[in-house]
>>> print(open('protein_36.pdb').read())   # PDB, C-alpha atoms
ATOM      1  CA  MET E 174      -6.760  15.168 -11.412
ATOM      2  CA  GLY E 175      -9.682  12.943 -10.442
ATOM      3  CA  LEU E 176      -9.939   9.202 -11.045
ATOM      4  CA  THR E 177      -6.934   7.181 -12.097
ATOM      5  CA  ILE E 178      -6.232   3.492 -12.620
ATOM      6  CA  GLY E 179      -3.575   1.463 -10.854
ATOM      7  CA  VAL E 180      -2.279  -1.781 -12.354
ATOM      8  CA  ASP E 181      -0.643  -4.556 -10.350
ATOM      9  CA  ILE E 182       1.203  -7.190 -12.410
ATOM     10  CA  GLY E 183       1.229 -10.483 -10.534
ATOM     11  CA  GLY E 184       2.616 -13.868 -11.426
ATOM     12  CA  THR E 185      -0.817 -15.315 -12.223
ATOM     13  CA  LYS E 186      -3.150 -12.292 -12.388
ATOM     14  CA  ILE E 187      -2.986  -8.711 -13.609
ATOM     15  CA  ALA E 188      -5.316  -6.479 -11.614
ATOM     16  CA  ALA E 189      -6.456  -2.985 -12.589
ATOM     17  CA  GLY E 190      -8.486  -0.753 -10.299
ATOM     18  CA  VAL E 191     -10.072   2.682 -10.499
ATOM     19  CA  VAL E 192      -8.892   4.732  -7.514
ATOM     20  CA  ASP E 193     -10.167   8.089  -6.278
ATOM     21  CA  GLU E 194      -8.235  10.905  -4.603
ATOM     22  CA  GLU E 195      -8.813   9.390  -1.146
ATOM     23  CA  GLY E 196      -7.242   6.082  -2.114
ATOM     24  CA  ARG E 197     -10.563   4.236  -2.380
ATOM     25  CA  ILE E 198     -10.833   1.526  -5.031
ATOM     26  CA  LEU E 199     -14.088   2.031  -6.929
ATOM     27  CA  SER E 200     -13.882  -0.899  -9.339
ATOM     28  CA  THR E 201     -11.466  -3.651 -10.298
ATOM     29  CA  PHE E 202     -10.882  -5.919 -13.265
ATOM     30  CA  LYS E 203      -8.556  -8.923 -13.394
ATOM     31  CA  VAL E 204      -7.114 -10.961 -16.235
ATOM     32  CA  SER E 205      -4.725 -13.897 -16.293
ATOM     33  CA  THR E 206      -1.038 -13.117 -16.699
ATOM     34  CA  PRO E 207       0.079 -14.335 -20.148
ATOM     35  CA  PRO E 208       3.376 -16.197 -20.594
ATOM     36  CA  THR E 209       4.902 -13.703 -23.060
ATOM     37  CA  ALA E 210       6.116 -10.139 -22.588
ATOM     38  CA  GLU E 211       4.014  -8.805 -25.471
ATOM     39  CA  GLY E 212       1.000 -10.710 -24.212
ATOM     40  CA  ILE E 213       1.348  -8.969 -20.857
ATOM     41  CA  VAL E 214       1.115  -5.569 -22.573
ATOM     42  CA  ASP E 215      -2.132  -6.677 -24.226
ATOM     43  CA  ALA E 216      -3.431  -8.029 -20.913
ATOM     44  CA  ILE E 217      -2.670  -4.741 -19.136
ATOM     45  CA  SER E 218      -4.661  -2.927 -21.796
ATOM     46  CA  SER E 219      -7.599  -5.309 -21.399
ATOM     47  CA  ALA E 220      -7.577  -4.916 -17.615
ATOM     48  CA  VAL E 221      -7.488  -1.125 -17.899
ATOM     49  CA  SER E 222     -10.370  -1.184 -20.355
ATOM     50  CA  GLY E 223     -12.429  -3.454 -18.110
ATOM     51  CA  ALA E 224     -11.820  -1.475 -14.931
ATOM     52  CA  SER E 225     -12.488   1.918 -16.526
ATOM     53  CA  GLU E 226     -15.919   1.011 -17.880
ATOM     54  CA  GLY E 227     -18.416   3.503 -16.495
ATOM     55  CA  HIS E 228     -15.729   5.797 -15.068
ATOM     56  CA  ASP E 229     -14.082   8.962 -16.387
ATOM     57  CA  VAL E 230     -10.436   7.999 -15.946
ATOM     58  CA  GLU E 231      -7.577  10.425 -16.572
ATOM     59  CA  ALA E 232      -4.350   8.407 -16.258
ATOM     60  CA  VAL E 233      -2.884   4.959 -15.580
ATOM     61  CA  GLY E 234      -0.132   3.906 -13.170
ATOM     62  CA  ILE E 235       1.591   0.534 -13.557
ATOM     63  CA  GLY E 236       3.559  -1.232 -10.829
ATOM     64  CA  ALA E 237       6.190  -3.460 -12.462
ATOM     65  CA  ALA E 238       8.648  -5.780 -10.720
ATOM     66  CA  GLY E 239      12.041  -4.696 -11.976
ATOM     67  CA  TYR E 240      14.228  -1.689 -12.671
ATOM     68  CA  VAL E 241      12.286   1.272 -14.070
ATOM     69  CA  ASP E 242      14.157   4.204 -15.607
ATOM     70  CA  ASP E 243      14.234   7.738 -14.233
ATOM     71  CA  LYS E 244      11.525   8.877 -16.651
ATOM     72  CA  ARG E 245       9.089   6.231 -15.359
ATOM     73  CA  ALA E 246       8.678   4.993 -18.905
ATOM     74  CA  THR E 247      10.958   2.025 -19.590
ATOM     75  CA  VAL E 248      11.430  -1.226 -17.689
ATOM     76  CA  LEU E 249      15.192  -1.617 -17.893
ATOM     77  CA  PHE E 250      15.189  -5.132 -16.504
ATOM     78  CA  ALA E 251      12.503  -7.432 -15.076
ATOM     79  CA  PRO E 252      13.646 -10.622 -13.351
ATOM     80  CA  ASN E 253      10.490 -12.647 -13.991
ATOM     81  CA  ILE E 254       9.404 -11.257 -17.367
ATOM     82  CA  ASN E 255      11.528 -11.087 -20.494
ATOM     83  CA  TRP E 256      11.605  -7.290 -20.421
ATOM     84  CA  ARG E 257      14.940  -5.677 -21.277
ATOM     85  CA  HIS E 258      14.670  -1.918 -21.966
ATOM     86  CA  GLU E 259      10.946  -2.454 -22.547
ATOM     87  CA  PRO E 260       9.169   0.829 -23.530
ATOM     88  CA  LEU E 261       6.129  -0.096 -21.458
ATOM     89  CA  LYS E 262       4.758   3.425 -21.097
ATOM     90  CA  ASP E 263       4.639   4.023 -24.851
ATOM     91  CA  LYS E 264       3.175   0.610 -25.665
ATOM     92  CA  VAL E 265       0.351   0.864 -23.138
ATOM     93  CA  GLU E 266      -0.403   4.498 -23.984
ATOM     94  CA  GLN E 267      -0.856   3.517 -27.624
ATOM     95  CA  ARG E 268      -3.405   0.898 -26.635
ATOM     96  CA  VAL E 269      -5.414   2.711 -23.941
ATOM     97  CA  GLY E 270      -5.214   6.335 -25.123
ATOM     98  CA  LEU E 271      -4.372   7.660 -21.643
ATOM     99  CA  PRO E 272      -1.204   9.030 -20.008
ATOM    100  CA  VAL E 273       0.750   6.204 -18.354
ATOM    101  CA  VAL E 274       3.291   6.225 -15.519
ATOM    102  CA  VAL E 275       5.413   3.130 -14.866
ATOM    103  CA  GLU E 276       6.903   2.565 -11.420
ATOM    104  CA  ASN E 277       8.707  -0.238  -9.615
ATOM    105  CA  ASP E 278       6.076  -2.281  -7.780
ATOM    106  CA  ALA E 279       7.749  -1.988  -4.359
ATOM    107  CA  ASN E 280       8.008   1.790  -4.790
ATOM    108  CA  ALA E 281       4.335   1.916  -5.733
ATOM    109  CA  ALA E 282       3.365  -0.110  -2.654
ATOM    110  CA  ALA E 283       5.522   2.104  -0.431
ATOM    111  CA  TRP E 284       3.847   5.215  -1.811
ATOM    112  CA  GLY E 285       0.414   3.699  -1.263
ATOM    113  CA  GLU E 286       1.206   2.980   2.388
ATOM    114  CA  TYR E 287       2.704   6.430   2.875
ATOM    115  CA  ARG E 288      -0.290   8.234   1.383
ATOM    116  CA  PHE E 289      -3.207   6.121   2.563
ATOM    117  CA  GLY E 290      -1.944   3.495   5.010
ATOM    118  CA  ALA E 291       0.450   3.160   7.920
ATOM    119  CA  GLY E 292       2.645   6.056   6.783
ATOM    120  CA  GLN E 293       0.029   8.761   7.212
ATOM    121  CA  GLY E 294       1.335  11.497   9.493
ATOM    122  CA  HIS E 295       4.986  10.751   8.701
ATOM    123  CA  ASP E 296       7.241  12.800   6.420
ATOM    124  CA  ASP E 297      10.110  10.286   6.357
ATOM    125  CA  VAL E 298       9.366   6.582   6.084
ATOM    126  CA  ILE E 299      11.172   3.521   4.804
ATOM    127  CA  CYS E 300       9.052   0.615   3.608
ATOM    128  CA  ILE E 301      10.211  -2.960   3.295
ATOM    129  CA  THR E 302       8.212  -5.772   1.752
ATOM    130  CA  LEU E 303       8.879  -9.220   3.195
ATOM    131  CA  GLY E 304       7.469 -11.509   0.539
ATOM    132  CA  THR E 305       9.048 -14.251  -1.504
ATOM    133  CA  GLY E 306      11.955 -11.822  -1.762
ATOM    134  CA  LEU E 307      12.604  -8.469  -0.085
ATOM    135  CA  GLY E 308      11.758  -5.121  -1.645
ATOM    136  CA  GLY E 309      11.365  -1.584  -0.420
ATOM    137  CA  GLY E 310      10.766   2.091  -0.963
ATOM    138  CA  ILE E 311      12.146   5.374   0.351
ATOM    139  CA  ILE E 312      10.021   8.418   1.180
ATOM    140  CA  ILE E 313      12.063  11.315   2.582
ATOM    141  CA  GLY E 314      10.698  14.821   2.934
ATOM    142  CA  ASN E 315       7.307  13.630   1.596
ATOM    143  CA  LYS E 316       8.875  12.587  -1.712
ATOM    144  CA  LEU E 317       9.494   9.159  -3.215
ATOM    145  CA  ARG E 318      13.248   8.910  -3.640
ATOM    146  CA  ARG E 319      14.153   6.864  -6.689
ATOM    147  CA  GLY E 320      17.811   7.795  -7.183
ATOM    148  CA  ARG E 321      19.425   9.368 -10.228
ATOM    149  CA  PHE E 322      18.670   6.435 -12.522
ATOM    150  CA  GLY E 323      15.362   5.385 -10.947
ATOM    151  CA  VAL E 324      16.545   2.137  -9.396
ATOM    152  CA  ALA E 325      17.126   3.004  -5.727
ATOM    153  CA  ALA E 326      15.766   1.033  -2.740
ATOM    154  CA  GLU E 327      16.690  -2.443  -3.953
ATOM    155  CA  PHE E 328      17.193  -3.298  -0.303
ATOM    156  CA  GLY E 329      16.937  -7.028  -0.819
ATOM    157  CA  HIS E 330      20.241  -7.022  -2.686
ATOM    158  CA  ILE E 331      22.309  -5.239  -0.078
ATOM    159  CA  ARG E 332      25.035  -7.744   0.769
ATOM    160  CA  VAL E 333      24.856  -8.518   4.487
ATOM    161  CA  VAL E 334      27.066 -11.640   4.520
ATOM    162  CA  PRO E 335      30.303 -11.514   2.512
ATOM    163  CA  ASP E 336      30.497 -14.624   0.322
ATOM    164  CA  GLY E 337      27.176 -15.746   1.799
ATOM    165  CA  LEU E 338      24.299 -17.623   0.226
ATOM    166  CA  LEU E 339      23.965 -17.388  -3.541
ATOM    167  CA  CYS E 340      21.140 -15.059  -4.575
ATOM    168  CA  GLY E 341      19.016 -15.214  -7.702
ATOM    169  CA  CYS E 342      20.503 -11.865  -8.728
ATOM    170  CA  GLY E 343      23.884 -13.562  -9.136
ATOM    171  CA  SER E 344      25.495 -12.059  -6.038
ATOM    172  CA  GLN E 345      26.141 -13.698  -2.674
ATOM    173  CA  GLY E 346      24.954 -12.861   0.814
ATOM    174  CA  CYS E 347      22.058 -10.591  -0.173
ATOM    175  CA  TRP E 348      19.702  -9.508   2.613
ATOM    176  CA  GLU E 349      16.702 -11.248   1.041
ATOM    177  CA  GLN E 350      18.470 -14.590   1.386
ATOM    178  CA  TYR E 351      18.153 -14.147   5.154
ATOM    179  CA  ALA E 352      14.938 -12.106   5.565
ATOM    180  CA  SER E 353      12.198 -13.248   3.185
ATOM    181  CA  GLY E 354       9.579 -15.922   2.663
ATOM    182  CA  ARG E 355      12.155 -18.142   0.989
ATOM    183  CA  ALA E 356      14.484 -17.734   3.951
ATOM    184  CA  LEU E 357      11.691 -18.606   6.382
ATOM    185  CA  VAL E 358      11.037 -21.911   4.603
ATOM    186  CA  ARG E 359      14.757 -22.701   4.563
ATOM    187  CA  TYR E 360      15.042 -22.023   8.313
ATOM    188  CA  ALA E 361      12.071 -24.265   9.055
ATOM    189  CA  LYS E 362      13.399 -27.124   6.954
ATOM    190  CA  GLN E 363      16.840 -26.907   8.559
ATOM    191  CA  ARG E 364      15.370 -26.965  12.059
ATOM    192  CA  ALA E 365      12.899 -29.730  11.272
ATOM    193  CA  ASN E 366      15.762 -31.842   9.967
ATOM    194  CA  ALA E 367      17.858 -31.183  13.049
ATOM    195  CA  THR E 368      15.120 -31.662  15.669
ATOM    196  CA  PRO E 369      12.145 -33.485  14.130
ATOM    197  CA  GLU E 370      10.724 -34.104  17.613
ATOM    198  CA  ASN E 371      10.148 -30.320  17.881
ATOM    199  CA  ALA E 372       8.503 -30.110  14.444
ATOM    200  CA  GLN E 373       5.628 -32.549  14.804
ATOM    201  CA  ILE E 374       2.933 -29.895  14.448
ATOM    202  CA  LEU E 375       4.661 -28.393  11.432
ATOM    203  CA  LEU E 376       5.247 -31.723   9.694
ATOM    204  CA  GLY E 377       1.660 -32.766  10.354
ATOM    205  CA  LEU E 378       0.341 -29.803   8.388
ATOM    206  CA  GLY E 379       2.129 -30.936   5.225
ATOM    207  CA  ASP E 380       2.781 -34.366   3.811
ATOM    208  CA  GLY E 381       4.841 -35.416   6.808
ATOM    209  CA  SER E 382       8.192 -34.789   5.142
ATOM    210  CA  VAL E 383      10.647 -31.950   5.625
ATOM    211  CA  GLU E 384      10.667 -31.389   1.854
ATOM    212  CA  GLY E 385       6.901 -30.782   1.955
ATOM    213  CA  ILE E 386       7.109 -27.799   4.329
ATOM    214  CA  GLU E 387       5.594 -24.624   2.840
ATOM    215  CA  GLY E 388       5.295 -21.079   4.097
ATOM    216  CA  LYS E 389       1.611 -21.473   4.955
ATOM    217  CA  HIS E 390       2.420 -24.489   7.116
ATOM    218  CA  ILE E 391       5.000 -22.502   9.095
ATOM    219  CA  SER E 392       2.477 -19.753   9.801
ATOM    220  CA  GLN E 393      -0.188 -22.222  10.926
ATOM    221  CA  ALA E 394       2.266 -24.160  13.071
ATOM    222  CA  ALA E 395       3.649 -21.019  14.715
ATOM    223  CA  ARG E 396       0.142 -19.974  15.718
ATOM    224  CA  GLN E 397      -0.205 -23.390  17.363
ATOM    225  CA  GLY E 398       3.034 -22.917  19.282
ATOM    226  CA  CYS E 399       5.259 -25.260  17.277
ATOM    227  CA  PRO E 400       8.824 -24.626  18.552
ATOM    228  CA  VAL E 401      10.458 -25.048  15.141
ATOM    229  CA  ALA E 402       8.001 -22.694  13.424
ATOM    230  CA  VAL E 403       8.249 -20.040  16.140
ATOM    231  CA  ASP E 404      12.046 -20.216  16.128
ATOM    232  CA  SER E 405      12.105 -19.896  12.325
ATOM    233  CA  PHE E 406      10.108 -16.669  12.521
ATOM    234  CA  ARG E 407      12.488 -15.396  15.195
ATOM    235  CA  GLU E 408      15.488 -16.092  12.963
ATOM    236  CA  LEU E 409      13.911 -14.217  10.058
ATOM    237  CA  ALA E 410      13.032 -11.357  12.415
ATOM    238  CA  ARG E 411      16.594 -11.204  13.725
ATOM    239  CA  TRP E 412      17.917 -10.565  10.224
ATOM    240  CA  ALA E 413      15.083  -8.200   9.316
ATOM    241  CA  GLY E 414      15.536  -6.074  12.433
ATOM    242  CA  ALA E 415      19.308  -5.899  12.017
ATOM    243  CA  GLY E 416      18.808  -4.690   8.456
ATOM    244  CA  LEU E 417      16.387  -1.999   9.603
ATOM    245  CA  ALA E 418      19.014  -0.793  12.069
ATOM    246  CA  ASP E 419      21.446  -0.361   9.171
ATOM    247  CA  LEU E 420      18.813   1.510   7.158
ATOM    248  CA  ALA E 421      18.202   3.780  10.160
ATOM    249  CA  SER E 422      21.874   4.737  10.028
ATOM    250  CA  LEU E 423      21.444   5.679   6.369
ATOM    251  CA  PHE E 424      18.068   7.424   6.324
ATOM    252  CA  ASP E 425      17.010   8.174   9.936
ATOM    253  CA  PRO E 426      13.256   7.837   9.218
ATOM    254  CA  SER E 427      10.519   8.366  11.768
ATOM    255  CA  ALA E 428       8.932   5.033  10.813
ATOM    256  CA  PHE E 429       9.595   1.741   9.103
ATOM    257  CA  ILE E 430       6.578   0.114   7.482
ATOM    258  CA  VAL E 431       6.777  -3.653   7.118
ATOM    259  CA  GLY E 432       4.538  -5.221   4.478
ATOM    260  CA  GLY E 433       4.411  -8.333   2.324
ATOM    261  CA  GLY E 434       3.064 -11.803   2.947
ATOM    262  CA  VAL E 435       5.378 -12.565   5.867
ATOM    263  CA  SER E 436       4.155  -9.476   7.726
ATOM    264  CA  ASP E 437       0.598 -10.792   7.561
ATOM    265  CA  GLU E 438       1.478 -12.768  10.690
ATOM    266  CA  GLY E 439       1.327  -9.513  12.663
ATOM    267  CA  GLU E 440       2.995  -9.387  16.065
ATOM    268  CA  LEU E 441       4.305 -12.930  15.656
ATOM    269  CA  VAL E 442       6.954 -11.441  13.385
ATOM    270  CA  LEU E 443       6.756  -7.699  14.124
ATOM    271  CA  ASP E 444       7.509  -7.938  17.852
ATOM    272  CA  PRO E 445      10.799  -9.836  17.347
ATOM    273  CA  ILE E 446      11.699  -7.500  14.449
ATOM    274  CA  ARG E 447      11.339  -4.530  16.813
ATOM    275  CA  LYS E 448      13.487  -6.251  19.445
ATOM    276  CA  SER E 449      16.192  -7.027  16.896
ATOM    277  CA  PHE E 450      16.030  -3.470  15.551
ATOM    278  CA  ARG E 451      16.595  -2.048  19.034
ATOM    279  CA  ARG E 452      19.365  -4.574  19.692
ATOM    280  CA  TRP E 453      21.384  -3.597  16.610
ATOM    281  CA  LEU E 454      20.634   0.135  16.375
ATOM    282  CA  ILE E 455      23.922   1.990  16.826
ATOM    283  CA  GLY E 456      23.673   4.351  19.795
ATOM    284  CA  GLY E 457      20.187   3.042  20.401
ATOM    285  CA  GLU E 458      20.358   3.692  24.137
ATOM    286  CA  TRP E 459      20.662   7.435  23.557
ATOM    287  CA  ARG E 460      18.970   8.208  20.239
ATOM    288  CA  PRO E 461      15.291   8.353  19.233
ATOM    289  CA  HIS E 462      13.912   5.119  17.763
ATOM    290  CA  ALA E 463      11.896   4.943  14.579
ATOM    291  CA  GLN E 464       8.560   3.188  14.887
ATOM    292  CA  VAL E 465       8.252  -0.225  13.255
ATOM    293  CA  LEU E 466       4.703  -0.416  11.907
ATOM    294  CA  ALA E 467       2.642  -3.054  10.147
ATOM    295  CA  ALA E 468       1.483  -2.156   6.646
ATOM    296  CA  GLN E 469      -2.259  -1.503   6.474
ATOM    297  CA  LEU E 470      -3.235  -1.837   2.811
ATOM    298  CA  GLY E 471      -2.138  -5.420   2.248
ATOM    299  CA  GLY E 472      -2.189  -6.551  -1.352
ATOM    300  CA  LYS E 473      -3.921  -3.338  -2.448
ATOM    301  CA  ALA E 474      -0.937  -1.092  -1.669
ATOM    302  CA  GLY E 475       0.765  -1.403  -5.053
ATOM    303  CA  LEU E 476      -2.385  -0.793  -7.059
ATOM    304  CA  VAL E 477      -3.425   2.201  -4.940
ATOM    305  CA  GLY E 478       0.089   3.635  -4.931
ATOM    306  CA  ALA E 479       0.524   3.276  -8.701
ATOM    307  CA  ALA E 480      -2.807   5.025  -9.281
ATOM    308  CA  ASP E 481      -1.819   7.916  -7.016
ATOM    309  CA  LEU E 482       1.565   8.303  -8.699
ATOM    310  CA  ALA E 483      -0.241   8.489 -12.052
ATOM    311  CA  ARG E 484      -2.432  11.239 -10.606
ATOM    312  CA  GLN E 485       0.642  13.259  -9.761
ATOM    313  CA  GLY E 486       2.237  12.634 -13.142
TER
END
>>> encode(input="protein_36.pdb", output="structure tokens")
Amino acid sequence: MGLTIGVDIGGTKIAAGVVDEEGRILSTFKVSTPPTAEGIVDAISSAVSGASEGHDVEAVGIGAAGYVDDKRATVLFAPNINWRHEPLKDKVEQRVGLPVVVENDANAAAWGEYRFGAGQGHDDVICITLGTGLGGGIIIGNKLRRGRFGVAAEFGHIRVVPDGLLCGCGSQGCWEQYASGRALVRYAKQRANATPENAQILLGLGDGSVEGIEGKHISQAARQGCPVAVDSFRELARWAGAGLADLASLFDPSAFIVGGGVSDEGELVLDPIRKSFRRWLIGGEWRPHAQVLAAQLGGKAGLVGAADLARQG
């Protein structure tokens, strides 16, 4: 199969892109994300139509945030869209007249990195996405492992602290409450409250109040050496690395690929994640260590991965 289209459904924009067999994006088309579930289906169709103009496209892959069934056809549950057993594949196919594959967005991004990014050369990789929440994907033996019902790799909702912080999923102590963009902001606010004298750089980047601290301020402040910002990244990295050590016990991959907005800070967060991973890896003194790599495709990973999964059917 030649050219395919990948679709990335974001909170404000829906992006569609024509992707070739080498993972290159040949054209893109973006539309605003509508407020209704049915409107999103129409918007996906419009984006596909716009991106495909002038190209001979053979299939469409859609990355959707939520649980996707084992047939890659139905969104069983989406946390941010009112999709409950939504037959997304059928609805989009009826509108665009092309075969459609639906995949969880974190799985699609993991596949994109494995095929065309940091995972090249590895047969067994685990991807985690440190964004607002925490997502992931499993590639073992060169295959995307989705589980019997299609909803594997929801790493962010592994419970790491019994009776811990309440998560948006309804459980308590989920990993993403301790290793995510939201967690980073919480750490910074707690530390700025406790030691405001160490947070002057950070507070100066916002409105001067602890409540006004945002993720972008923490990144900027950390690059300027702000003690509170640097320590907040270290706390996030401690939890992230410990979680990777647990995943190594489960999957024994040759590499972990860390993506998402938090990972954009590069070695500021990756170096302490590696140190934490080594610290908590059981038998780490005597066993081989998986590499901990930065994702390479950035925000394009999900679109490219979805397109490639559509190519494979």
>>> residues_around(input="protein_36.pdb", residues="Ala283 in chain E", least_positions_apart="6", cutoff="12 Å", atoms="all atoms listed in the file", output="MDAnalysis selection string")
chainID E and resid 236 276:277 289:293 297:302 308:313 315:319 326 429:433 468:479 481:482
>>> write_last_selection(input="protein_36.pdb", atoms="C-alpha atoms", output="short mmCIF file (atom, residue, chain, number, x, y, z; two decimals), keeping the file's coordinate frame")
data_model
loop_
_atom_site.label_atom_id
_atom_site.label_comp_id
_atom_site.auth_asym_id
_atom_site.auth_seq_id
_atom_site.Cartn_x
_atom_site.Cartn_y
_atom_site.Cartn_z
CA GLY E 236 3.56 -1.23 -10.83
CA GLU E 276 6.90 2.56 -11.42
CA ASN E 277 8.71 -0.24 -9.62
CA PHE E 289 -3.21 6.12 2.56
CA GLY E 290 -1.94 3.50 5.01
CA ALA E 291 0.45 3.16 7.92
CA GLY E 292 2.64 6.06 6.78
CA GLN E 293 0.03 8.76 7.21
CA ASP E 297 10.11 10.29 6.36
CA VAL E 298 9.37 6.58 6.08
CA ILE E 299 11.17 3.52 4.80
CA CYS E 300 9.05 0.62 3.61
CA ILE E 301 10.21 -2.96 3.30
CA THR E 302 8.21 -5.77 1.75
CA GLY E 308 11.76 -5.12 -1.64
CA GLY E 309 11.36 -1.58 -0.42
CA GLY E 310 10.77 2.09 -0.96
CA ILE E 311 12.15 5.37 0.35
CA ILE E 312 10.02 8.42 1.18
CA ILE E 313 12.06 11.32 2.58
CA ASN E 315 7.31 13.63 1.60
CA LYS E 316 8.88 12.59 -1.71
CA LEU E 317 9.49 9.16 -3.22
CA ARG E 318 13.25 8.91 -3.64
CA ARG E 319 14.15 6.86 -6.69
CA ALA E 326 15.77 1.03 -2.74
CA PHE E 429 9.60 1.74 9.10
CA ILE E 430 6.58 0.11 7.48
CA VAL E 431 6.78 -3.65 7.12
CA GLY E 432 4.54 -5.22 4.48
CA GLY E 433 4.41 -8.33 2.32
CA ALA E 468 1.48 -2.16 6.65
CA GLN E 469 -2.26 -1.50 6.47
CA LEU E 470 -3.24 -1.84 2.81
CA GLY E 471 -2.14 -5.42 2.25
CA GLY E 472 -2.19 -6.55 -1.35
CA LYS E 473 -3.92 -3.34 -2.45
CA ALA E 474 -0.94 -1.09 -1.67
CA GLY E 475 0.76 -1.40 -5.05
CA LEU E 476 -2.38 -0.79 -7.06
CA VAL E 477 -3.42 2.20 -4.94
CA GLY E 478 0.09 3.64 -4.93
CA ALA E 479 0.52 3.28 -8.70
CA ASP E 481 -1.82 7.92 -7.02
CA LEU E 482 1.56 8.30 -8.70
#
>>> closest_residue(input="protein_36.pdb", among="E:Asn255, E:Gln373, E:Ser222, E:Thr368", to="Val180 in chain E", atoms="all atoms listed in the file")
E:Ser222
>>> atom_distance(input="protein_36.pdb", atom1="CA of Val403 in chain E", atom2="CA of Leu441 in chain E")
8.1 Å
>>> closest_atom_pairs(input="protein_36.pdb", of="range 414-454 of chain E", to="range 389-399 of chain E", cutoff="12 Å", atoms="all atoms listed in the file", output="CSV")
residue,atom,partner,partner_atom,distance
E:Gly434,CA,E:Lys389,CA,10.0
E:Val435,CA,E:Ser392,CA,8.7
E:Ser436,CA,E:Ser392,CA,10.6
E:Asp437,CA,E:Ser392,CA,9.4
E:Glu438,CA,E:Ser392,CA,7.1
E:Gly439,CA,E:Ser392,CA,10.7
E:Glu440,CA,E:Arg396,CA,11.0
E:Leu441,CA,E:Ala395,CA,8.2
E:Val442,CA,E:Ser392,CA,10.1
>>> atom_distance(input="protein_36.pdb", atom1="CA of Gly385 in chain E", atom2="CA of Gly304 in chain E")
19.3 Å
>>> residues_around(input="protein_36.pdb", residues="Leu423 in chain E", least_positions_apart="2", cutoff="12 Å", atoms="only C-alpha atoms", output="PyMOL selection string")
chain E and resi 299+311+313+326+328+416-421+425-426+454-455
>>> write_last_selection(input="protein_36.pdb", atoms="C-alpha atoms", output="PDB file, in the frame of the given file")
ATOM      1  CA  ILE E 299      11.172   3.521   4.804  1.00  0.00           C
ATOM      2  CA  ILE E 311      12.146   5.374   0.351  1.00  0.00           C
ATOM      3  CA  ILE E 313      12.063  11.315   2.582  1.00  0.00           C
ATOM      4  CA  ALA E 326      15.766   1.033  -2.740  1.00  0.00           C
ATOM      5  CA  PHE E 328      17.193  -3.298  -0.303  1.00  0.00           C
ATOM      6  CA  GLY E 416      18.808  -4.690   8.456  1.00  0.00           C
ATOM      7  CA  LEU E 417      16.387  -1.999   9.603  1.00  0.00           C
ATOM      8  CA  ALA E 418      19.014  -0.793  12.069  1.00  0.00           C
ATOM      9  CA  ASP E 419      21.446  -0.361   9.171  1.00  0.00           C
ATOM     10  CA  LEU E 420      18.813   1.510   7.158  1.00  0.00           C
ATOM     11  CA  ALA E 421      18.202   3.780  10.160  1.00  0.00           C
ATOM     12  CA  ASP E 425      17.010   8.174   9.936  1.00  0.00           C
ATOM     13  CA  PRO E 426      13.256   7.837   9.218  1.00  0.00           C
ATOM     14  CA  LEU E 454      20.634   0.135  16.375  1.00  0.00           C
ATOM     15  CA  ILE E 455      23.922   1.990  16.826  1.00  0.00           C
TER      16      ILE E 455
END
>>> atom_distance(input="protein_36.pdb", atom1="CA of Ala365 in chain E", atom2="CA of Ala413 in chain E")
21.7 Å
>>> resolve_selection(input="protein_36.pdb", expression="the PyMOL selection byres ((chain E and resi 459-464) around 7)", output="ChimeraX atom specification")
/E:426-429,456-458,465-466
>>> residues_near_point(input="protein_36.pdb", point="(9.4, 5.1, -10.3)", cutoff="8 Å", atoms="all atoms listed in the file", output="PyMOL selection string")
chain E and resi 241-245+275-277+280-281+319+323-324
>>> residues_around(input="protein_36.pdb", residues="range 198-213 of chain E", least_positions_apart="3", cutoff="10 Å", atoms="only C-alpha atoms", output="PyMOL selection string")
chain E and resi 176-195+216-228+253-257+259+261+264+473+476-477+480
>>> closest_residue(input="protein_36.pdb", among="E:Gly234, E:Gly354, E:Gly381, E:Gly239", to="Val273 in chain E", atoms="all atoms listed in the file")
E:Gly234
>>> residues_around(input="protein_36.pdb", residues="Arg407 in chain E", least_positions_apart="2", cutoff="9 Å", atoms="all atoms listed in the file", output="PyMOL selection string")
chain E and resi 402-405+409-412+441-442+445-446
>>> decode(input="protein_36.pdb", residues="range 359-363 of chain E", atoms="N, CA, C and O atoms", output="CSV table (one decimal), in the first residue's frame")
chain,number,residue,atom,x,y,z
E,359,ARG,N,1.8,20.7,40.1
E,359,ARG,CA,1.5,20.6,41.6
E,359,ARG,C,2.7,20.6,42.4
E,359,ARG,O,2.8,21.3,43.5
E,360,TYR,N,3.8,19.9,42.0
E,360,TYR,CA,5.0,19.9,42.7
E,360,TYR,C,5.6,21.3,42.8
E,360,TYR,O,6.0,21.8,43.9
E,361,ALA,N,5.6,22.1,41.7
E,361,ALA,CA,6.1,23.4,41.7
E,361,ALA,C,5.3,24.3,42.7
E,361,ALA,O,5.9,25.2,43.4
E,362,LYS,N,4.0,24.2,42.6
E,362,LYS,CA,3.2,25.1,43.5
E,362,LYS,C,3.4,24.7,45.0
E,362,LYS,O,3.5,25.6,45.8
E,363,GLN,N,3.5,23.5,45.3
E,363,GLN,CA,3.8,23.1,46.7
E,363,GLN,C,5.1,23.6,47.2
E,363,GLN,O,5.2,24.2,48.3
